[in-house]
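K.L.:
So that we are looking at the same thing, I have put the structure below in structure tokens.
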Amino acid sequence: MPITARTVIERDSLFRGLPAPTLERVAALAVRRVCEPGSVIFLQGDPGNALCGVVSGRVRISTSRSGGKEVFLNVIGPGETFGEIALLDGMTRSATATAVGRTELMVIPRDGFLMLLREEPQLALHVIQLLCKRVRWTAEQVEDSALLSAAPRLAKRLLGLARQQGRETPDGTALHLSQEELAQFLGISRQVVNQYLQSWKSRGWIRLGRGSLVIGDRRALLNLSRES
């Protein structure tokens with residue numbers, strides 16, 4: 001049986017806990033969209049004309065520095081929403097969103113969503129909470145970049161991704177993520193990332209695969225992530 005728009009929306013972190021009538025109104029606005037691997041959902045500088053939620057697959061959020069260098073900001077997984085900043089302030093997209101693998105989205109148009117916000121105070125409160133969460137996350141990334149060396153930053157990022165998107169296995173928490181992606185997330189070279197991962201592998205903290213890894217000793221990475 002296919003999953004309904006209502007089911008997807010009530011599982012999304014932004015809408016979870018809202019009253020049933022509000023969920024029905026949100027579901028009525030949503031349109032399903034399937035994106036093929038590597039396809040661009042929106043570009044940095046595009047109009048912010050919709051809010052997107054991930055049904056399945058993953059979405060990479062990135063931005064470009066001067067000279068065209070791409071910097072990865074985040075990976076959005078199922079049950080998470082993205083694109084809310086430009087949607088709310090009416091300005092252009094602050095980052096680029098790209099499908100990682102085949103990805104299905106729920107897309108909610110801006111006009112309908114803003115009208116709903118005016119009429120549903122509880123939904124507005126949920127959006128405020130989401131924005132606060134984004135601000136705290138951004139502040140934490142800036143603080144980490146300023147205060148932590150590469151190894152603690154890498155350990156902390158792995159643990160964060162494990163919480164968001166990890167899949168529990170008998171050997172630990174599995175993540176589908178390449179070393180190149182990790183390097184771009186942190187703004188360091190792939191060689192440096194590989195050096196640390198190989199060291200952690202030799203200690204039994206992680207297991208490495210092709211484009212993936214398994215965290216076997218979360219406590220060891222947690223202790224490392226707390227080092228200044």
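Order determines the names: the first chain of the structure tokens is A, the second B, and so forth; residues in each chain are numbered 1 upward, and ligands are numbered 1 upward as they are shown.
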Which polymer residues have any atom within 9 Å of an atom of Ile108 (chain A), counting only C-alpha atoms, with same-chain residues fewer than 2 positions away left out, as a short mmCIF file (atom, residue, chain, number, x, y, z; two decimals) with N, CA and C atoms, in the first residue's frame?
P.N.:
```cif
data_model
loop_
_atom_site.label_atom_id
_atom_site.label_comp_id
_atom_site.auth_asym_id
_atom_site.auth_seq_id
_atom_site.Cartn_x
_atom_site.Cartn_y
_atom_site.Cartn_z
N VAL A 26 -1.90 20.66 5.71
CA VAL A 26 -0.55 20.63 5.14
C VAL A 26 -0.47 19.58 4.03
N ALA A 27 -1.04 18.41 4.29
CA ALA A 27 -1.01 17.32 3.30
C ALA A 27 -1.70 17.72 2.00
N LEU A 29 -1.62 20.50 0.61
CA LEU A 29 -0.75 21.38 -0.18
C LEU A 29 0.40 20.62 -0.85
N ALA A 30 0.76 19.46 -0.29
CA ALA A 30 2.00 18.78 -0.68
C ALA A 30 1.89 18.08 -2.04
N VAL A 31 3.00 18.13 -2.78
CA VAL A 31 3.12 17.45 -4.07
C VAL A 31 4.33 16.53 -4.00
N ASN A 49 10.70 29.27 -3.45
CA ASN A 49 9.27 29.15 -3.74
C ASN A 49 8.61 27.90 -3.18
N ALA A 50 9.34 27.11 -2.36
CA ALA A 50 8.74 25.89 -1.82
C ALA A 50 9.53 25.39 -0.62
N LEU A 51 8.83 24.68 0.26
CA LEU A 51 9.44 23.96 1.37
C LEU A 51 9.50 22.49 0.96
N CYS A 52 10.62 21.83 1.25
CA CYS A 52 10.80 20.43 0.84
C CYS A 52 11.02 19.54 2.05
N GLY A 53 10.45 18.35 2.00
CA GLY A 53 10.67 17.33 3.02
C GLY A 53 11.11 16.05 2.34
N MET A 106 8.52 15.60 -0.61
CA MET A 106 7.22 16.25 -0.51
C MET A 106 7.48 17.74 -0.65
N ARG A 110 5.18 27.85 -1.57
CA ARG A 110 5.33 28.95 -0.62
C ARG A 110 4.02 29.66 -0.30
N ASP A 111 3.26 30.02 -1.32
CA ASP A 111 2.04 30.81 -1.10
C ASP A 111 1.07 30.10 -0.18
N GLY A 112 0.83 28.83 -0.45
CA GLY A 112 -0.10 28.07 0.38
C GLY A 112 0.42 27.88 1.79
N PHE A 113 1.73 27.67 1.92
CA PHE A 113 2.30 27.45 3.25
C PHE A 113 2.23 28.72 4.09
#
```
K.L.:
For the contact check between region 69-102 of chain A and region 174-188 of chain A, emit one row per residue of region 69-102 of chain A within 7 Å, containing the shortest atom pair and the distance in Å rounded to one decimal, counting only C-alpha atoms, chain then rising number order, as a Markdown table.
P.N.:
```
| residue | atom | partner | partner_atom | distance |
| --- | --- | --- | --- | --- |
| A:Val71 | CA | A:Gln184 | CA | 5.8 |
| A:Phe72 | CA | A:Phe185 | CA | 4.6 |
| A:Leu73 | CA | A:Phe185 | CA | 6.0 |
```
K.L.:
One decimal, in Å: what's the spacing between CA of Ala5 (chain A) and CA of Leu114 (chain A)?
P.N.:
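These two atoms are separated by 18.9 Å.
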K.L.:
So that I can see what lies close to Arg25 (chain A), please list as a list in words the residues with an atom at most 12 Å from it, counting only C-alpha atoms and leaving out residues fewer than 5 positions away in the same chain.
P.N.:
Ala5, Arg6, Ile9, Glu10, Phe15, Leu18, Pro19, Ala20, Ala30, Ile108, Gly112, Phe113, Met115, Leu116, Leu117, Glu119, Glu120 and Leu123 of chain A
K.L.:
Pull C-alpha atoms from the residues just selected and write them as a short mmCIF file (atom, residue, chain, number, x, y, z; two decimals), in the first residue's frame.
P.N.:
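To be explicit, this is the file written out as part_13.cif:
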```
data_model
loop_
_atom_site.label_atom_id
_atom_site.label_comp_id
_atom_site.auth_asym_id
_atom_site.auth_seq_id
_atom_site.Cartn_x
_atom_site.Cartn_y
_atom_site.Cartn_z
CA ALA A 5 1.03 12.43 2.01
CA ARG A 6 -0.54 12.66 5.48
CA ILE A 9 4.02 14.72 6.83
CA GLU A 10 3.09 13.56 10.33
CA PHE A 15 5.11 18.74 11.56
CA LEU A 18 0.50 18.95 15.21
CA PRO A 19 -3.28 18.43 15.48
CA ALA A 20 -4.87 16.14 12.90
CA ALA A 30 2.00 18.78 -0.68
CA ILE A 108 4.89 22.44 -0.36
CA GLY A 112 -0.10 28.07 0.38
CA PHE A 113 2.30 27.45 3.25
CA MET A 115 -1.31 31.34 4.22
CA LEU A 116 -1.47 28.30 6.47
CA LEU A 117 1.08 29.85 8.86
CA GLU A 119 -4.11 30.67 10.20
CA GLU A 120 -2.39 27.98 12.30
CA LEU A 123 2.40 25.45 12.91
#
```
K.L.:
I want to know what sits within 10 Å of Gly166 (chain A), based on only C-alpha atoms, with residues of the same chain fewer than 4 positions away left out; could you give that as a list in words?
P.N.:
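Once the adjacent positions are removed, what remains is Gly77, Leu158, Leu159, Gly160, Leu161, Ala162, Gly172, Thr173, Ala174, Leu175, His176, Val214 and Ile215 of chain A.
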K.L.:
Please identify all polymer residues within 10 Å of Ala97 (chain A), counting only C-alpha atoms, omitting same-chain residues fewer than 5 positions from it, and present them as a VMD selection string.
P.N.:
chain A and resid 38 to 44 59 to 63 74 to 76 82 to 83
K.L.:
How would you write, as an MDAnalysis selection string, the set of residues in region 7-131 of chain A that DSSP gives as alpha helix (DSSP H)?
P.N.:
chainID A and resid 7:11 20:29 84:89 110:119 121:131
K.L.:
List every residue of region 32-206 of chain A that DSSP, applied to the backbone, labels as strand (DSSP E), and write the result as a ChimeraX atom specification.
P.N.:
/A:32-35,40-42,50-64,70-76,81-82,96-109,167-169,172-175,206
K.L.:
Could you pull the residues within 7 Å of Pro37 (chain A), counting only C-alpha atoms, minus those fewer than 2 positions along the same chain, as number ranges by chain?
P.N.:
A: 35, 39, 99-102
K.L.:
Leaving out Glu140 (chain A) and any residue of its chain fewer than 6 positions from it, which residues lie within 12 Å of it when counting only C-alpha atoms, given as number ranges by chain?
P.N.:
A: 133-134, 146-148, 153, 156-157, 160
